[in-house]
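All remarks here apply to the structure that follows.
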Amino acid sequence: MNYALFLGCKIPSKVPAYEVSTRAVLGRLGVVLHDLPFDCCGYPVRSLDRDASVVAAARNMALAARAGLDVLTPCKCCFGNLRHAQRLLDEDANLRERVAAALKAEGLDLPTSVRVEHLLPVLARGVGLEAVEAAVVAPRAGLRVAAHYGCHALRPSAVTRFDNPMAPTLFENLVRATGAQAVEWPRRLECCGEPLHEANPTLSDRIAQGKVADAREAGAQVLVTACPYCHMRFLSIQAGRPDALPMMLYPQLLGLAMGMTPRSLGLDA
Amino acid sequence: MSGQQSKTWDVAVVGAGMAGMSAALFAASRGLSVLHVGNGGGLLFASGLLDVLGVHPVAPGRVWDRPWDALAALGKDDPGHPLVRVGADAVRVAMERVMSELGDAGMPYAPAEGNRQVPTSLGTTKVTYGVPRSMVAGAQAFAEGLPTLLVDFRGLREFSACQVVQTMGDRWPGLRCARVEFPDSEALSELYAVHVATALESSATRERLFERVRPLLGDASAVGFPAVLGLSRSGQVHQAFEAALGMPVFEIPTMPTSVPGLRLKGALEAAVGAHGVSRRVQSVVTGIVFDGDVAQLTLHDAAGGQTAAARAVILATGRFVGKGLVADRRGVAEPILGLRVEQPEARDSWHSRRFLEPAGHPINRAGLVTDSVGRPLDAAGNPAWRRLYAVGSILGRQDWMRQKCGSGLSAGTAWAAVDAIAGDLGGPGPVAG
Amino acid sequence: MADTVFHEGFFRIALWVSLALGGLGLLWRLVTWLTVRIGSDAREVSFGQRLWAAIGGGVGALFSRRLPGMMGAFFLDVLFQRRLFATSKLRWAGHLMILVGFTVLLVMHALAAWLSGKLFDNYYATLNPFLLLRNVFGAMAVIGVVLLALGRRRDWAFGRPARRPADGIFAALLAVVLVSGFLLEAQKIASPKAFYRMTDEFGLGTDAEELAGLRWVWKQDYGVAFTDLHGEPDADVLAEGRELNSQACVDCHARPQSAFVSYPMARAMAPVTATLDAANADRALLWLHVLACLLGIVVLPFTRFFHAVADPVSLVARGAAASGPLSLAGRVSRRALAADACIRCGLCDARCSVAPIARWLDNPELLPSRKVQATRRVAGRAWTRVGDGDADRLAQGAHLCTDCGRCTLRCPVGLDLADLWDAGRDDLAARGLPAPATWIQEQPAIAWAEALGTELGRVPPAGPLSADRRTFSACVQCQTCTNVCPVVAHGGTDADRVDLTPQKVMNLLRLGMVDLALGSRMVWDCATCYQCQENCPEGIRVTDVMLELRGAAWRQLGPVRDRRRPE
């Protein structure tokens, strides 16, 4: 399997361990990652200028198309926005024309057949749960994990096609594949609070705190994410707290179960 | 752009109300692969109470203690009613199955033998069959006339405990009311039921609430709250309430859209998801074409049109609210396939002269007609396709609202349809219980 | 030698004046590093604290654990320029050539009287290796300039960046110095006048035959353009000339062919050498050369070429910061230094994550090299232009940055741009240009609606979704969107909870009252989690509508806000 790795803006600068662990795990599972000169996915400008967001997204996908690759991103916001842009291009011929013209100025063609995938579905469906399970040599038996879904991959499901938006199972299945136990927690599908952090920090904090408390009440020993934004949010609201619920990125959990060293997965401990 | 691999499903279920959800659940648990299209929004208007058959005949409004006796009577008076066609055994097993699935998904139901009278937020009682465990103590307390405290929360508009006492007091002398401040809401002028429900899933919030309720209990031997005790784990929350307050605790269902409606929708979605059903929540089926042994469905959603193929189709699109039937000046039509809709002959005979006609209006019994196994008929009067079934409220010759038979109709017809399809496709027989 | 054509007294005065002026300029520039305040925390430290941090911290660092970092920065970053090497090999080559070329010319050639002359007993500008080396390093500088010019064009994302006039003047002076230097050398090689000046000075003109021989030797071997020597010299005369040459000249004069740039120039100029001699061209060129150098000293502190001073300081400071955070005063000064040290080379722009967005919006203010300037301008005391279009474009640049950190990684002189952007956003907020979410939430929705109503008349629809009645026509006001909304759920008090619930926003739009919805807090507090959209029983795209309202609010409320501001 070959993919162009789309890291987005946050992972390299703010959550480098996510890149390290993603590369380590996928490399072992036979997924070959290629690096292309990608830029911003367009998500940050989506609400202020929709067209600018679509152009930014389309340009990235055009780069992948030129290299003959599909896109894999570990970021749920990038994933959501790239798929969102694909949908807007599909439904709006006028927009399609203008974007194509902008791409042409850079010698790129409108991408029509690039598939954009998030890390989790690639693991669960591309690599396959059985293959993931088969690669586990050090099962995390007894570890109680709260899997946080993250909004922009799951919804709107008509656009993202990530999993059943009402009762997803993909993430829990991947957690179970590592031998760990996936706890049921009521707020697992709720927002982490990151997108409104700038506008209303106290409210954003309260949303995130509520989620962490909910996961803890459900008996979770570790909160696992698969998105840099969610990860950063939960880390920052728990910073300096003695009762902080430990955080992990999914490829770190999987990597440990595959017998990799914490160091090779960007884990300090 | 994001191309889907083509696959032929065993069953496509169109519609995601009670009937569609039941059909998807039953089909998936029979080992069939299921594509389930439709927005489950209709369930939001449900109360969580599951009716099988409460009233027959409609005109005098006779209420039955046992739905099975009512069904026997209905069979004699109205043999064309879909419930009669399906039969008591199928309805009973279908209801048991649905309630047990809901229990697994965190919304447990009390064991059902007959109908119960459940107090509502309007101060009335509603006759029903399947009662969530969190509401059943209310029916018992009412039936036995126990001294009971009703608690409401300042700022929660959906429910006034004292209004219920005012309306029901003469029928339930031991009933008292009290109002408390919901924990951490002192600075809020208005509360939203769902948010109160979510907050009560935290044990810390519950403890603070218990501290405020305990001093008010007095001589009460049961205590009632608005139906906000938890959302996705209401069973556990309700248990925690009973343990902490040391007496039976019950919820009183509120007006739609209510927490129990959202709970029911969430639990059914979870059950369907757990069975591996492939859900298309925001898609609408706009066309079905039968191509020999396979039906080709055209799906429409925000991302545009797609197609899907299935070896059997269950139509569970409801009546007018669910857009399973559409009405215009000329009459009522079924929009996807143009199936035959049994309806009053002329537009002006849809309704009786009296708006509150006790027997209901003729239009309330309009709907699809089926053959003896539940396959809807086309304009020419033949089954439209070998493996097309119609289930739930889209069916004619029933008035589920007045007859209080909505869930039984939905689950029962879905059970029968899945049974027929599984037999036809050569799947395994029905799984017991 | 120079003394013969150049007035010593005047030179000294000019030298000291230009050094004094250049020194004042340097001081001015250094003071800005300690006075420019960027970021809200910059207001917490005084000039004195910053001065102390710079001197005390700077000296103290030399005796602390920071020393290795600073040493490493000096050798690897300043001298070898490894960051530029990693980013752009072409620019690195050009840059290093200029650095080496000019440094060596300065030390060996310009400061010959003080350094080379004292270090080497046999230092003569006209002897090898000095003659050769001067050409080598001069040529190096010229090639370096050409390489940089080529490299720059490649990295300009938005055409040529704006430049101060002083930059152009300094660049012209540099060109004058290089060209006049080579021309002067060429003219001196070819000039018969210069030849006679030397023979007169050393009394070699007394024997006419000897002189004739020497002229032949210098014509043939040294390329002097004598116009009166024709044919072949007599062998004896030539031998005599050679004899004299070896006695009197060779100790101070290597053959000029090793001046591999100037010598060919001298040959090419031969036809006009006499004319130039007559016009005292050597004198003029020397004046030009020296005055351009002195003027350069004066102008340098007012140009971006001052980065030759600022960048090494910045890099060493960065090396110091690597082994532990600096004091607040140190950080603030480092920020001011960063804003000053950037020369807008544009290498960051080429890899800026939002460059494609900048192109689409046609707003270069999104690019880091422009943002450094903007940050500096906004921090400046004179900046009061809230509300004009430029300010809005500038704020757009600050707020659309994704903080990806690539500019900081890529900056060849290691400026901490990420820190600069944070601080710059603080300043913009203090100047009345915070993020849209902040300024829109400053007043209630009804106040915005009134402002729109009175000042803009009819409000255009927010976008394609909200313009289409079908988007909301199915809404039955069932409140499901509000019920599933985490933002509504977690509002702890009436003060920080939303003003309009999602269902109310949909209702307003359904009734055509876009103006009332636009300024709502809800529009900006929306978590964009899509719960409402996913759960809506009627399939209404609630979240997409919210996002559309945001864009519309940004575009439509901005002008209203600006007009209502007192300034």
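Letters for chains follow the order of the structure tokens (A, B, ...), residue numbers begin at 1 for each chain, and ligand numbers begin at 1 in the order shown.
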Kindly assemble as JSON lines a list of the chain A residues that lie within 7 Å of chain C, each paired with its nearest atom pair and their distance in Å to one decimal, using only C-alpha atoms, sorted first by chain and then by ascending residue number.
{"residue": "A:Cys9", "atom": "CA", "partner": "C:Cys404", "partner_atom": "CA", "distance": 4.4}
{"residue": "A:Lys10", "atom": "CA", "partner": "C:Cys404", "partner_atom": "CA", "distance": 5.7}
{"residue": "A:Ser13", "atom": "CA", "partner": "C:Gly405", "partner_atom": "CA", "distance": 5.8}
{"residue": "A:Asp39", "atom": "CA", "partner": "C:Ser353", "partner_atom": "CA", "distance": 4.4}
{"residue": "A:Cys40", "atom": "CA", "partner": "C:Ser353", "partner_atom": "CA", "distance": 4.8}
{"residue": "A:Pro44", "atom": "CA", "partner": "C:Leu400", "partner_atom": "CA", "distance": 6.8}
{"residue": "A:Val45", "atom": "CA", "partner": "C:Leu400", "partner_atom": "CA", "distance": 6.6}
{"residue": "A:Ser47", "atom": "CA", "partner": "C:Leu547", "partner_atom": "CA", "distance": 4.8}
{"residue": "A:Leu48", "atom": "CA", "partner": "C:Gly551", "partner_atom": "CA", "distance": 4.1}
{"residue": "A:Asp49", "atom": "CA", "partner": "C:Gly551", "partner_atom": "CA", "distance": 6.1}
{"residue": "A:Ala52", "atom": "CA", "partner": "C:Ile357", "partner_atom": "CA", "distance": 5.6}
{"residue": "A:Ala56", "atom": "CA", "partner": "C:Pro356", "partner_atom": "CA", "distance": 5.9}
{"residue": "A:Cys151", "atom": "CA", "partner": "C:Cys529", "partner_atom": "CA", "distance": 5.1}
{"residue": "A:His152", "atom": "CA", "partner": "C:Cys529", "partner_atom": "CA", "distance": 6.6}
{"residue": "A:Arg155", "atom": "CA", "partner": "C:Tyr530", "partner_atom": "CA", "distance": 5.7}
{"residue": "A:Pro156", "atom": "CA", "partner": "C:Glu534", "partner_atom": "CA", "distance": 5.9}
{"residue": "A:Cys191", "atom": "CA", "partner": "C:Cys529", "partner_atom": "CA", "distance": 5.9}
{"residue": "A:Gly193", "atom": "CA", "partner": "C:Ala527", "partner_atom": "CA", "distance": 6.5}
{"residue": "A:Pro195", "atom": "CA", "partner": "C:Ala527", "partner_atom": "CA", "distance": 5.3}
{"residue": "A:Leu196", "atom": "CA", "partner": "C:Ala527", "partner_atom": "CA", "distance": 5.3}
{"residue": "A:Ala199", "atom": "CA", "partner": "C:Ala437", "partner_atom": "CA", "distance": 5.2}
{"residue": "A:Asn200", "atom": "CA", "partner": "C:Asp525", "partner_atom": "CA", "distance": 6.3}
{"residue": "A:Leu203", "atom": "CA", "partner": "C:Gly491", "partner_atom": "CA", "distance": 6.2}
{"residue": "A:Arg206", "atom": "CA", "partner": "C:His490", "partner_atom": "CA", "distance": 6.5}
{"residue": "A:Ile207", "atom": "CA", "partner": "C:His490", "partner_atom": "CA", "distance": 6.2}
Residues of the last selection are to be written out with N, CA, C and O atoms, as a compact mmCIF listing (two decimals), in the first residue's frame.
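And here's result-v2.txt as it stands now:
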# COMPACT_ATOMS: atom_id res chain seq x y z
N CYS A 9 -0.56 21.06 9.47
CA CYS A 9 0.27 22.09 10.10
C CYS A 9 0.67 21.76 11.53
O CYS A 9 1.71 22.18 11.99
N LYS A 10 -0.19 21.07 12.26
CA LYS A 10 0.04 20.95 13.70
C LYS A 10 1.01 19.83 14.06
O LYS A 10 1.74 19.93 15.03
N SER A 13 4.99 20.58 14.08
CA SER A 13 5.48 21.57 15.03
C SER A 13 5.02 21.28 16.45
O SER A 13 5.73 21.56 17.40
N ASP A 39 0.84 21.80 1.60
CA ASP A 39 0.64 22.99 2.43
C ASP A 39 -0.63 22.82 3.25
O ASP A 39 -1.20 21.73 3.30
N CYS A 40 -1.07 23.91 3.83
CA CYS A 40 -2.26 23.89 4.70
C CYS A 40 -3.45 23.24 3.97
O CYS A 40 -3.66 23.46 2.79
N PRO A 44 -8.33 25.97 8.39
CA PRO A 44 -8.41 27.19 9.21
C PRO A 44 -9.15 28.34 8.52
O PRO A 44 -9.65 29.23 9.17
N VAL A 45 -9.21 28.31 7.19
CA VAL A 45 -9.82 29.45 6.50
C VAL A 45 -11.23 29.10 6.03
O VAL A 45 -11.91 29.91 5.43
N SER A 47 -14.17 28.77 7.40
CA SER A 47 -15.35 29.55 7.75
C SER A 47 -15.24 30.99 7.26
O SER A 47 -16.24 31.64 7.08
N LEU A 48 -14.03 31.46 7.05
CA LEU A 48 -13.88 32.85 6.64
C LEU A 48 -13.94 33.01 5.13
O LEU A 48 -14.43 34.01 4.62
N ASP A 49 -13.42 32.07 4.40
CA ASP A 49 -13.47 32.15 2.95
C ASP A 49 -13.49 30.73 2.38
O ASP A 49 -12.45 30.10 2.23
N ALA A 52 -11.29 29.88 -0.70
CA ALA A 52 -9.85 29.80 -0.42
C ALA A 52 -9.53 28.45 0.20
O ALA A 52 -8.49 27.84 -0.10
N ALA A 56 -6.99 25.61 -1.41
CA ALA A 56 -5.86 25.06 -0.66
C ALA A 56 -5.93 23.54 -0.62
O ALA A 56 -4.93 22.85 -0.84
N CYS A 151 -14.53 14.97 16.10
CA CYS A 151 -15.73 15.32 15.32
C CYS A 151 -15.52 15.32 13.81
O CYS A 151 -16.35 14.79 13.06
N HIS A 152 -14.44 15.94 13.36
CA HIS A 152 -14.38 16.25 11.94
C HIS A 152 -14.13 15.04 11.05
O HIS A 152 -14.25 15.14 9.83
N ARG A 155 -18.19 13.28 11.48
CA ARG A 155 -19.35 14.02 10.99
C ARG A 155 -18.91 15.16 10.08
O ARG A 155 -17.82 15.71 10.28
N PRO A 156 -19.70 15.64 9.15
CA PRO A 156 -20.96 15.03 8.75
C PRO A 156 -20.71 13.75 7.96
O PRO A 156 -19.90 13.73 7.03
N CYS A 191 -17.39 16.69 21.25
CA CYS A 191 -16.29 17.55 20.81
C CYS A 191 -15.24 17.70 21.92
O CYS A 191 -15.56 17.65 23.10
N GLY A 193 -13.52 20.45 22.22
CA GLY A 193 -13.53 21.86 22.60
C GLY A 193 -12.53 22.73 21.86
O GLY A 193 -12.57 23.94 21.94
N PRO A 195 -12.06 23.68 18.66
CA PRO A 195 -12.42 24.70 17.66
C PRO A 195 -12.98 26.00 18.25
O PRO A 195 -12.98 27.01 17.57
N LEU A 196 -13.47 25.98 19.48
CA LEU A 196 -13.97 27.23 20.02
C LEU A 196 -13.04 27.79 21.09
O LEU A 196 -13.41 28.69 21.83
N ALA A 199 -12.43 31.55 20.62
CA ALA A 199 -13.58 32.41 20.84
C ALA A 199 -14.04 32.39 22.29
O ALA A 199 -14.46 33.41 22.82
N ASN A 200 -13.95 31.25 22.93
CA ASN A 200 -14.53 31.14 24.27
C ASN A 200 -13.74 30.11 25.09
O ASN A 200 -14.16 28.98 25.25
N LEU A 203 -15.42 28.12 28.09
CA LEU A 203 -16.39 27.12 27.64
C LEU A 203 -15.67 25.92 27.03
O LEU A 203 -16.00 24.76 27.27
N ARG A 206 -14.29 23.82 29.68
CA ARG A 206 -15.31 23.06 30.39
C ARG A 206 -15.73 21.82 29.58
O ARG A 206 -15.95 20.75 30.13
N ILE A 207 -15.83 21.98 28.28
CA ILE A 207 -16.19 20.84 27.43
C ILE A 207 -15.12 19.74 27.55
O ILE A 207 -15.43 18.57 27.74
query = Could you pull out the alpha helix (DSSP H) residues of stretch 93-276 of chain C from DSSP and send them as a VMD selection string?
reply = chain C and resid 93 to 104 116 to 119 130 to 155 165 to 190 192 to 201 208 to 220 235 to 248 262 to 276
With 6 Å as the limit and counting only C-alpha atoms, what residues in chain B lie close to chain C? Please list them as an mmCIF file with N, CA and C atoms, in the first residue's frame.
data_model
loop_
_atom_site.group_PDB
_atom_site.id
_atom_site.type_symbol
_atom_site.label_atom_id
_atom_site.label_comp_id
_atom_site.auth_asym_id
_atom_site.auth_seq_id
_atom_site.Cartn_x
_atom_site.Cartn_y
_atom_site.Cartn_z
ATOM 1 N N GLY B 41 -34.477 10.578 12.650
ATOM 2 C CA GLY B 41 -35.023 11.729 13.358
ATOM 3 C C GLY B 41 -36.427 11.527 13.890
ATOM 4 N N ALA B 187 -26.639 30.003 38.086
ATOM 5 C CA ALA B 187 -26.488 31.212 37.282
ATOM 6 C C ALA B 187 -27.264 31.140 35.971
ATOM 7 N N LEU B 188 -28.022 30.068 35.780
ATOM 8 C CA LEU B 188 -28.721 29.908 34.504
ATOM 9 C C LEU B 188 -30.201 30.215 34.665
ATOM 10 N N VAL B 194 -31.773 17.839 27.762
ATOM 11 C CA VAL B 194 -30.704 16.924 27.376
ATOM 12 C C VAL B 194 -29.438 17.205 28.170
ATOM 13 N N HIS B 195 -29.227 18.462 28.459
ATOM 14 C CA HIS B 195 -28.001 18.802 29.174
ATOM 15 C C HIS B 195 -28.085 18.398 30.634
#
key: Distance query C:Arg561 at most 10 Å, only C-alpha atoms, self and fewer than 5 positions along chain excluded, as number ranges by chain   = C: 387, 439-440, 448, 451-452, 556
May I have the selected residues written with N, CA and C atoms, as an mmCIF file, in the first residue's frame?
data_model
loop_
_atom_site.group_PDB
_atom_site.id
_atom_site.type_symbol
_atom_site.label_atom_id
_atom_site.label_comp_id
_atom_site.auth_asym_id
_atom_site.auth_seq_id
_atom_site.Cartn_x
_atom_site.Cartn_y
_atom_site.Cartn_z
ATOM 1 N N GLY C 387 -8.854 50.096 11.101
ATOM 2 C CA GLY C 387 -10.038 50.410 10.321
ATOM 3 C C GLY C 387 -9.756 50.736 8.884
ATOM 4 N N TRP C 439 -13.708 40.351 18.358
ATOM 5 C CA TRP C 439 -14.343 41.662 18.207
ATOM 6 C C TRP C 439 -15.825 41.554 17.901
ATOM 7 N N ILE C 440 -16.238 40.482 17.268
ATOM 8 C CA ILE C 440 -17.677 40.357 17.003
ATOM 9 C C ILE C 440 -18.427 40.076 18.295
ATOM 10 N N TRP C 448 -25.340 44.684 16.704
ATOM 11 C CA TRP C 448 -24.820 44.516 15.338
ATOM 12 C C TRP C 448 -25.935 44.720 14.322
ATOM 13 N N ALA C 451 -26.609 48.279 13.910
ATOM 14 C CA ALA C 451 -25.541 48.932 13.145
ATOM 15 C C ALA C 451 -25.693 48.622 11.663
ATOM 16 N N LEU C 452 -25.991 47.378 11.368
ATOM 17 C CA LEU C 452 -26.157 46.992 9.957
ATOM 18 C C LEU C 452 -27.354 47.704 9.350
ATOM 19 N N GLN C 556 -19.182 41.392 6.564
ATOM 20 C CA GLN C 556 -20.172 42.464 6.630
ATOM 21 C C GLN C 556 -20.075 43.309 7.894
#
How close does each residue of chain A get to chain B, giving the shortest atom pair and distance in Å to one decimal for every residue with an atom at most 7 Å away, counting only C-alpha atoms, sorted by chain and residue number, as a tab-separated table?
residue	atom	partner	partner_atom	distance
A:Gln86	CA	B:Met1	CA	6.6
A:Arg87	CA	B:Ala303	CA	5.4
A:Glu91	CA	B:Gly304	CA	6.8
A:Thr112	CA	B:Met1	CA	6.1
A:Ser113	CA	B:Met1	CA	5.6
A:Arg115	CA	B:Ser2	CA	5.7
A:Ala158	CA	B:Gln282	CA	5.9
A:Val159	CA	B:Ala303	CA	6.1
A:Asn164	CA	B:Arg279	CA	5.7
A:Met166	CA	B:Glu269	CA	5.9
A:Ala167	CA	B:Ala270	CA	4.7
A:Pro168	CA	B:Gly273	CA	6.7
A:Pro186	CA	B:Ser232	CA	5.9
A:Asp214	CA	B:Ser202	CA	6.9
task = Would you mind listing what lies within 10 Å of C:Trp92 as a list in words, with only C-alpha atoms counted and same-chain residues fewer than 4 positions away left out?
result = Phe80, Gln81, Arg82, Arg83, Leu84, Phe85, Ala86, Thr87, Ser88, Leu96, Met97, Ile98, Gly144, Leu147, Leu148, Gly151 and Pro412 of chain C
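Once C:Leu516 and its same-chain neighbours fewer than 5 positions away are set aside, Pro444, Ala445, Ile446, Ala447, Trp448, Ala449, Glu450, Leu452, Gly453, Leu500, Val505, Leu508 and Leu509 of chain C remain within 10 Å of it when counting only C-alpha atoms.
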request  = Do a neighbour search on B:Glu207 at 12 Å with only C-alpha atoms, toss out local chain neighbours closer than 2 positions, and write the hits as a list in words.
outcome  =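 Counting only the stated atoms, we get Phe182, Pro183, Ala199, Leu200, Glu201, Ser202, Ser203, Ala204, Thr205, Leu209, Phe210, Glu211, Arg212, Val213, Arg214, Val237, Ala240, Phe241, Ala243, Ala244 and Leu245 of chain B.
Every protein or nucleic acid residue with an atom no more than 8 Å from A:Glu194, counting only C-alpha atoms and leaving out same-chain residues fewer than 5 positions away, appears here: Ser204, Tyr229, Cys230 and Arg233 of chain A; Ala527 of chain C.
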Please, could you write that set of residues out with N, CA and C atoms as a compact mmCIF listing (two decimals), in the first residue's frame?
# COMPACT_ATOMS: atom_id res chain seq x y z
N SER A 204 -14.65 26.23 26.23
CA SER A 204 -13.87 25.17 25.60
C SER A 204 -13.23 24.27 26.66
N TYR A 229 -5.22 17.97 17.12
CA TYR A 229 -5.96 19.03 17.81
C TYR A 229 -6.56 18.51 19.11
N CYS A 230 -7.26 17.37 19.02
CA CYS A 230 -7.87 16.80 20.23
C CYS A 230 -6.77 16.51 21.25
N ARG A 233 -5.53 19.56 22.97
CA ARG A 233 -6.56 20.09 23.87
C ARG A 233 -6.56 19.36 25.20
N ALA C 527 -18.81 24.91 17.98
CA ALA C 527 -17.63 24.03 18.01
C ALA C 527 -17.42 23.35 16.66
request  = Going by DSSP on the backbone, which bits of stretch 42-250 of chain A are strand (DSSP E)? Write them as a PyMOL selection string, please.
outcome  = chain A and resi 70-73+116-118+144-147+181-182+222-225+247-249
The selected residues should be written to file as an mmCIF file, in the first residue's frame (atoms: N, CA and C atoms).
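Written out: out-v1.cif:
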data_model
loop_
_atom_site.group_PDB
_atom_site.id
_atom_site.type_symbol
_atom_site.label_atom_id
_atom_site.label_comp_id
_atom_site.auth_asym_id
_atom_site.auth_seq_id
_atom_site.Cartn_x
_atom_site.Cartn_y
_atom_site.Cartn_z
ATOM 1 N N ASP A 70 -2.757 8.175 -3.367
ATOM 2 C CA ASP A 70 -3.858 8.577 -2.511
ATOM 3 C C ASP A 70 -3.263 9.235 -1.272
ATOM 4 N N VAL A 71 -4.123 9.938 -0.540
ATOM 5 C CA VAL A 71 -3.646 10.714 0.602
ATOM 6 C C VAL A 71 -4.017 10.024 1.911
ATOM 7 N N LEU A 72 -3.067 9.942 2.811
ATOM 8 C CA LEU A 72 -3.345 9.452 4.166
ATOM 9 C C LEU A 72 -2.985 10.567 5.132
ATOM 10 N N THR A 73 -3.941 10.950 5.994
ATOM 11 C CA THR A 73 -3.615 11.953 6.997
ATOM 12 C C THR A 73 -3.941 11.432 8.386
ATOM 13 N N VAL A 116 -8.923 10.294 -0.200
ATOM 14 C CA VAL A 116 -8.364 10.852 1.026
ATOM 15 C C VAL A 116 -8.783 9.949 2.174
ATOM 16 N N GLU A 117 -7.809 9.478 2.946
ATOM 17 C CA GLU A 117 -8.127 8.582 4.044
ATOM 18 C C GLU A 117 -7.496 9.054 5.341
ATOM 19 N N HIS A 118 -8.147 8.725 6.419
ATOM 20 C CA HIS A 118 -7.551 8.976 7.728
ATOM 21 C C HIS A 118 -6.800 7.716 8.173
ATOM 22 N N ARG A 144 -7.404 -0.331 30.297
ATOM 23 C CA ARG A 144 -8.729 0.199 29.969
ATOM 24 C C ARG A 144 -8.573 1.531 29.237
ATOM 25 N N VAL A 145 -9.027 1.549 28.013
ATOM 26 C CA VAL A 145 -8.776 2.676 27.117
ATOM 27 C C VAL A 145 -10.087 3.371 26.751
ATOM 28 N N ALA A 146 -10.086 4.701 26.864
ATOM 29 C CA ALA A 146 -11.199 5.482 26.334
ATOM 30 C C ALA A 146 -10.785 6.011 24.964
ATOM 31 N N ALA A 147 -11.503 5.608 23.932
ATOM 32 C CA ALA A 147 -11.179 6.055 22.571
ATOM 33 C C ALA A 147 -12.005 7.297 22.260
ATOM 34 N N GLN A 181 -8.700 -3.030 26.536
ATOM 35 C CA GLN A 181 -10.144 -3.047 26.678
ATOM 36 C C GLN A 181 -10.665 -1.646 26.364
ATOM 37 N N ALA A 182 -11.687 -1.559 25.503
ATOM 38 C CA ALA A 182 -12.264 -0.261 25.172
ATOM 39 C C ALA A 182 -13.425 0.017 26.106
ATOM 40 N N VAL A 222 -6.377 5.326 30.301
ATOM 41 C CA VAL A 222 -5.678 6.148 29.317
ATOM 42 C C VAL A 222 -6.695 6.622 28.283
ATOM 43 N N LEU A 223 -6.493 7.862 27.846
ATOM 44 C CA LEU A 223 -7.370 8.452 26.837
ATOM 45 C C LEU A 223 -6.604 8.447 25.515
ATOM 46 N N VAL A 224 -7.168 7.805 24.515
ATOM 47 C CA VAL A 224 -6.456 7.672 23.249
ATOM 48 C C VAL A 224 -7.147 8.515 22.178
ATOM 49 N N THR A 225 -6.339 9.273 21.448
ATOM 50 C CA THR A 225 -6.859 10.119 20.371
ATOM 51 C C THR A 225 -6.188 9.718 19.066
ATOM 52 N N MET A 247 -2.436 10.349 28.401
ATOM 53 C CA MET A 247 -2.858 10.498 27.014
ATOM 54 C C MET A 247 -1.967 9.656 26.110
ATOM 55 N N MET A 248 -2.552 9.141 25.059
ATOM 56 C CA MET A 248 -1.762 8.435 24.063
ATOM 57 C C MET A 248 -2.375 8.660 22.689
ATOM 58 N N LEU A 249 -1.525 8.659 21.688
ATOM 59 C CA LEU A 249 -2.018 8.689 20.315
ATOM 60 C C LEU A 249 -2.159 7.239 19.865
#
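For the pair atom CA of B:Phe225 and atom CA of B:Leu264, the interatomic distance is 18.3 Å.
Distances to A:Tyr149 were evaluated for A:Gly126, A:Glu184, A:Arg176, A:Leu189 using only C-alpha atoms, and the minimum falls at A:Leu189.
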key: Separation of atom CA of A:His148 from atom CA of A:Gln209, in Å and rounded to one decimal   =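 Going from atom CA of A:His148 over to atom CA of A:Gln209, I get 13.4 Å.
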request  = Rank C:Ser314, C:Asn280, C:Asn363, C:Gln373 by their smallest atom-to-atom distance to C:Ala339, using only C-alpha atoms, and report the top residue only.
outcome  =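 The answer is C:Gln373, which sits nearest to C:Ala339.
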